[in-house]
$ cat protein_21.cif   # mmCIF, C-alpha atoms
data_data
#
loop_
_atom_site.label_atom_id
_atom_site.label_comp_id
_atom_site.auth_asym_id
_atom_site.auth_seq_id
_atom_site.Cartn_x
_atom_site.Cartn_y
_atom_site.Cartn_z
CA MET A 14 30.22 -74.69 -45.15
CA LYS A 15 33.71 -75.80 -46.14
CA PRO A 16 35.03 -78.72 -44.04
CA GLU A 17 37.90 -78.21 -41.64
CA THR A 18 41.00 -78.70 -43.76
CA ILE A 19 44.63 -79.63 -43.17
CA LEU A 20 46.83 -78.58 -46.09
CA ILE A 21 49.71 -80.89 -47.03
CA ILE A 22 52.40 -79.11 -49.03
CA ASP A 23 53.99 -81.52 -51.47
CA TYR A 24 57.80 -81.42 -51.50
CA GLY A 25 58.05 -84.71 -53.36
CA SER A 26 57.94 -87.22 -50.52
CA GLN A 27 56.98 -90.79 -51.35
CA TYR A 28 54.85 -90.65 -48.19
CA ASN A 29 52.60 -87.71 -49.13
CA LEU A 30 49.56 -89.85 -49.80
CA LEU A 31 50.23 -91.73 -46.59
CA ILE A 32 50.20 -88.47 -44.62
CA ALA A 33 46.86 -87.64 -46.23
CA ARG A 34 45.51 -91.08 -45.38
CA ARG A 35 46.51 -90.72 -41.72
CA ILE A 36 44.83 -87.31 -41.43
CA ARG A 37 41.64 -88.58 -43.06
CA GLU A 38 41.65 -91.62 -40.78
CA LEU A 39 41.46 -89.12 -37.92
CA GLY A 40 38.24 -87.74 -39.41
CA VAL A 41 39.70 -84.53 -40.84
CA TYR A 42 39.65 -83.47 -44.50
CA CYS A 43 42.99 -82.67 -46.16
CA GLU A 44 44.35 -81.57 -49.52
CA ILE A 45 47.79 -82.02 -51.11
CA LEU A 46 49.01 -78.83 -52.79
CA PRO A 47 52.24 -77.67 -54.52
CA PRO A 48 54.78 -75.57 -52.55
CA ASP A 49 54.46 -72.52 -54.83
CA LEU A 50 50.75 -72.14 -54.14
CA GLY A 51 51.18 -69.40 -51.55
CA SER A 52 47.84 -68.26 -50.21
CA LYS A 53 46.24 -67.94 -53.65
CA GLY A 54 42.90 -69.65 -53.92
CA LEU A 55 42.70 -70.37 -50.21
CA ASP A 56 40.16 -67.66 -49.39
CA GLY A 57 37.02 -69.07 -47.88
CA GLN A 58 38.58 -72.40 -46.99
CA ASN A 59 38.35 -73.55 -43.40
CA ILE A 60 42.08 -74.20 -42.97
CA ARG A 61 43.09 -75.45 -39.51
CA GLY A 62 46.72 -76.36 -40.10
CA VAL A 63 49.54 -76.89 -42.61
CA ILE A 64 51.86 -79.90 -42.93
CA LEU A 65 55.08 -79.48 -44.91
CA SER A 66 56.01 -82.88 -46.31
CA GLY A 67 59.39 -84.49 -46.69
CA GLY A 68 61.18 -84.65 -50.03
CA PRO A 69 64.39 -85.72 -51.80
CA ALA A 70 65.90 -82.24 -52.26
CA SER A 71 68.50 -80.41 -50.20
CA ILE A 72 67.52 -76.83 -49.41
CA TYR A 73 70.89 -75.67 -50.75
CA GLN A 74 70.45 -77.28 -54.16
CA LYS A 75 69.79 -74.94 -57.05
CA GLY A 76 66.08 -74.92 -57.73
CA ALA A 77 65.15 -76.58 -54.44
CA PRO A 78 61.50 -75.89 -53.53
CA GLY A 79 61.03 -73.13 -50.99
CA LEU A 80 58.41 -72.12 -48.46
CA SER A 81 55.90 -69.49 -49.51
CA ALA A 82 55.50 -66.69 -46.99
CA GLY A 83 51.79 -66.76 -47.76
CA LEU A 84 51.47 -70.13 -46.04
CA LEU A 85 53.01 -68.80 -42.83
CA ASP A 86 50.81 -65.73 -43.06
CA LEU A 87 47.70 -67.92 -42.78
CA GLY A 88 48.17 -67.81 -39.00
CA VAL A 89 47.48 -71.53 -38.50
CA PRO A 90 49.70 -74.20 -36.90
CA VAL A 91 52.49 -75.62 -39.08
CA LEU A 92 54.18 -79.03 -38.89
CA GLY A 93 57.32 -79.66 -40.94
CA ILE A 94 58.29 -83.29 -41.60
CA CYS A 95 61.87 -84.11 -42.66
CA TYR A 96 62.57 -81.68 -45.56
CA GLY A 97 59.54 -79.77 -44.33
CA MET A 98 61.25 -79.21 -40.97
CA GLN A 99 64.44 -78.12 -42.70
CA ILE A 100 62.77 -75.59 -45.00
CA LEU A 101 60.68 -74.25 -42.11
CA CYS A 102 63.72 -73.72 -39.88
CA HIS A 103 65.82 -72.33 -42.74
CA THR A 104 63.09 -69.85 -43.73
CA LEU A 105 62.71 -68.61 -40.15
CA GLY A 106 66.43 -67.97 -39.65
CA GLY A 107 67.85 -71.32 -38.54
CA SER A 108 70.56 -73.24 -40.38
CA VAL A 109 70.67 -76.64 -42.08
CA ARG A 110 73.79 -78.63 -42.89
CA ARG A 111 74.81 -81.93 -44.39
CA SER A 112 74.75 -84.66 -41.74
CA GLU A 113 78.04 -86.37 -40.93
CA ARG A 114 76.39 -89.60 -41.98
CA ARG A 115 73.13 -90.17 -43.79
CA GLU A 116 70.50 -91.63 -41.49
CA TYR A 117 68.10 -94.19 -42.91
CA GLY A 118 66.08 -96.63 -40.85
CA ASP A 119 65.18 -97.07 -37.21
CA ALA A 120 66.43 -94.61 -34.61
CA THR A 121 65.65 -94.34 -30.91
CA LEU A 122 63.82 -91.09 -30.29
CA LYS A 123 64.07 -89.53 -26.83
CA THR A 124 61.80 -86.64 -25.93
CA ARG A 125 62.99 -83.60 -23.99
CA GLY A 126 60.70 -81.68 -21.71
CA LYS A 127 56.95 -81.57 -22.17
CA SER A 128 55.23 -80.81 -25.45
CA VAL A 129 51.64 -81.14 -26.65
CA PHE A 130 53.03 -82.82 -29.77
CA PHE A 131 54.31 -85.76 -27.68
CA ARG A 132 51.34 -86.07 -25.34
CA ASN A 133 50.73 -89.77 -24.48
CA VAL A 134 53.99 -90.72 -26.24
CA PRO A 135 56.69 -92.54 -24.19
CA SER A 136 59.91 -90.66 -23.51
CA SER A 137 61.80 -93.27 -25.57
CA SER A 138 60.43 -94.87 -28.72
CA ARG A 139 61.34 -96.06 -32.22
CA SER A 140 61.25 -93.58 -35.11
CA TRP A 141 61.90 -93.87 -38.83
CA MET A 142 64.58 -91.63 -40.32
CA SER A 143 65.46 -90.91 -43.95
CA HIS A 144 67.65 -87.84 -44.42
CA GLY A 145 71.07 -86.58 -45.45
CA ASP A 146 70.67 -83.03 -44.10
CA SER A 147 69.60 -81.92 -40.64
CA VAL A 148 68.90 -78.72 -38.74
CA ALA A 149 72.13 -77.47 -37.13
CA ARG A 150 70.73 -74.34 -35.50
CA LEU A 151 67.11 -73.70 -34.56
CA PRO A 152 65.38 -70.41 -35.37
CA LYS A 153 64.81 -67.89 -32.61
CA GLY A 154 61.90 -68.92 -30.41
CA PHE A 155 62.27 -72.67 -31.09
CA ARG A 156 63.40 -75.33 -28.64
CA VAL A 157 64.42 -78.97 -28.96
CA ILE A 158 61.70 -81.41 -27.90
CA ALA A 159 63.31 -84.70 -29.06
CA ALA A 160 66.67 -86.08 -30.17
CA THR A 161 68.35 -89.24 -31.44
CA SER A 162 71.97 -90.29 -31.09
CA ASN A 163 72.70 -88.99 -34.60
CA THR A 164 70.30 -86.04 -34.74
CA PRO A 165 70.34 -83.63 -31.77
CA ASN A 166 67.48 -81.59 -33.25
CA ALA A 167 65.17 -84.48 -34.15
CA ALA A 168 62.07 -82.48 -33.19
CA CYS A 169 61.50 -78.85 -32.30
CA GLU A 170 58.73 -76.42 -31.50
CA ASP A 171 57.82 -72.78 -31.14
CA SER A 172 54.68 -73.29 -29.08
CA ARG A 173 53.83 -69.57 -29.08
CA ARG A 174 53.56 -69.50 -32.88
CA LYS A 175 52.37 -73.13 -32.99
CA MET A 176 55.15 -74.22 -35.33
CA TYR A 177 56.62 -77.71 -35.08
CA GLY A 178 59.25 -79.72 -36.91
CA VAL A 179 60.24 -83.40 -36.87
CA GLN A 180 63.18 -84.90 -38.73
CA PHE A 181 61.60 -88.37 -38.67
CA HIS A 182 58.41 -89.63 -40.37
CA PRO A 183 55.45 -89.98 -37.95
CA GLU A 184 53.16 -91.09 -40.80
CA VAL A 185 54.87 -94.46 -41.40
CA ALA A 186 54.13 -97.61 -39.42
CA HIS A 187 57.82 -97.97 -38.48
CA THR A 188 57.51 -94.94 -36.18
CA GLU A 189 55.98 -96.03 -32.90
CA HIS A 190 53.15 -93.77 -31.73
CA GLY A 191 53.38 -91.76 -34.96
CA LEU A 192 49.61 -91.64 -35.35
CA GLU A 193 49.32 -90.34 -31.79
CA MET A 194 51.75 -87.53 -32.68
CA LEU A 195 49.66 -86.59 -35.72
CA ARG A 196 46.53 -86.80 -33.56
CA ASN A 197 48.11 -84.37 -31.10
CA PHE A 198 48.93 -81.96 -33.90
CA VAL A 199 45.52 -82.13 -35.59
CA PHE A 200 43.39 -81.98 -32.45
CA GLY A 201 45.57 -80.69 -29.61
CA ILE A 202 47.37 -77.99 -31.62
CA CYS A 203 45.15 -77.23 -34.64
CA GLY A 204 41.93 -77.64 -32.67
CA ALA A 205 40.14 -79.67 -35.36
CA ARG A 206 36.91 -81.46 -34.40
CA GLY A 207 37.30 -84.58 -36.53
CA ASP A 208 33.77 -84.55 -37.92
CA TRP A 209 34.61 -85.34 -41.56
CA SER A 210 34.10 -88.69 -43.23
CA LEU A 211 34.58 -90.08 -46.74
CA SER A 212 30.86 -90.83 -47.03
CA SER A 213 29.95 -87.22 -46.19
CA PHE A 214 32.55 -86.01 -48.70
CA ILE A 215 30.99 -88.17 -51.42
CA ARG A 216 27.51 -86.88 -50.64
CA GLU A 217 28.63 -83.26 -50.71
CA THR A 218 30.61 -83.74 -53.93
CA VAL A 219 27.65 -85.36 -55.68
CA ARG A 220 25.38 -82.53 -54.51
CA SER A 221 27.88 -79.91 -55.71
CA VAL A 222 28.31 -81.52 -59.15
CA ARG A 223 24.53 -81.86 -59.62
CA SER A 224 24.07 -78.23 -58.64
CA GLU A 225 26.69 -77.04 -61.12
CA VAL A 226 25.72 -79.29 -64.03
CA GLY A 227 21.97 -78.98 -63.67
CA LYS A 228 20.29 -80.64 -66.65
CA GLY A 229 23.50 -80.62 -68.69
CA LYS A 230 25.72 -83.52 -69.67
CA VAL A 231 29.25 -84.31 -68.52
CA ILE A 232 32.06 -86.55 -69.70
CA CYS A 233 34.04 -88.24 -66.91
CA GLY A 234 37.36 -89.92 -67.66
CA VAL A 235 38.75 -92.18 -64.93
CA SER A 236 42.19 -93.75 -64.75
CA GLY A 237 43.40 -95.76 -61.82
CA GLY A 238 44.42 -99.00 -60.23
CA VAL A 239 45.06 -100.55 -56.85
CA ASP A 240 46.76 -97.51 -55.32
CA SER A 241 45.05 -94.50 -56.85
CA THR A 242 42.25 -93.17 -59.01
CA VAL A 243 42.43 -89.95 -60.99
CA VAL A 244 39.34 -88.28 -62.45
#
$ encode --input "protein_21.cif" --output "structure tokens"
Amino acid sequence: MKPETILIIDYGSQYNLLIARRIRELGVYCEILPPDLGSKGLDGQNIRGVILSGGPASIYQKGAPGLSAGLLDLGVPVLGICYGMQILCHTLGGSVRRSERREYGDATLKTRGKSVFFRNVPSSSRSWMSHGDSVARLPKGFRVIAATSNTPNAACEDSRRKMYGVQFHPEVAHTEHGLEMLRNFVFGICGARGDWSLSSFIRETVRSVRSEVGKGKVICGVSGGVDSTVV
């Protein structure tokens, strides 16, 4: 049986691998995929949620990566982070505009109302911002669940459709309680069990390779260093 999977859609953020690390630390398998994937090749996978990463582009730039309708048609919870929030809101009918001043660094995040995403998170905490655009108008069905002094729509949700967006980066250590927010998304919203581990992944991968190769031979080329290994 395929493990429960959180898909991370890669919009070019320097933090993509960190998002993946945080999800795996929670005991849930995840994969990083390109934004033009759509729903191709996802049949049979046990997908529990989708995270749209941040990225350096502006949604109004020519050639800026978009959001495939196939990903929204999966019917699973979606979390947009930074650019991911902007492209999610833009695709669903909201509007994004250039911020009056680019926001980079610490910002005091204040929650509004109650949301599963902010369960066990204080009403005021430190968050890490890095953006030049921001969501000016939320799509129909969304509401604001957090704000900063510079970003009125710092976090939003459509709880009925289980769609969430945050302008800050919960995956980085600079954001207080960021891991708790991701935990709330993965378990409280996506309903994952958290029964995956790296050791079980290794065992299953070895079993799968042995089954496919049989008595044949393989050539394995490995390149890597401190931060990553590519096979």
$ resolve_selection --input "protein_21.cif" --expression "the PyMOL selection byres ((chain A and resi 43-52) around 10)" --output "number ranges by chain"
A: 16-25, 29-30, 32-37, 40-42, 53-56, 60-66, 78-87, 209
$ residues_around --input "protein_21.cif" --residues "range 157-168 of chain A" --least-positions-apart "2" --cutoff "10 Å" --atoms "only C-alpha atoms" --output "number ranges by chain"
A: 93-95, 98, 112-116, 120-128, 130-131, 136-137, 139-140, 142, 146-151, 155, 170-171, 177-181
$ resolve_selection --input "protein_21.cif" --expression "the PyMOL selection byres ((chain A and resi 152) around 6)" --output "PyMOL selection string"
chain A and resi 102+105-107+151+153+155
$ atom_distance --input "protein_21.cif" --atom1 "CA of Tyr73 in chain A" --atom2 "CA of Met176 in chain A"
22.1 Å
$ closest_residue --input "protein_21.cif" --among "A:Ala70, A:Leu31, A:Val219, A:Ile202" --to "Arg173 in chain A" --atoms "all atoms listed in the file"
A:Ile202
$ atom_distance --input "protein_21.cif" --atom1 "CA of Gly118 in chain A" --atom2 "CA of Pro183 in chain A"
12.9 Å
$ atom_distance --input "protein_21.cif" --atom1 "CA of Val185 in chain A" --atom2 "CA of Tyr28 in chain A"
7.8 Å
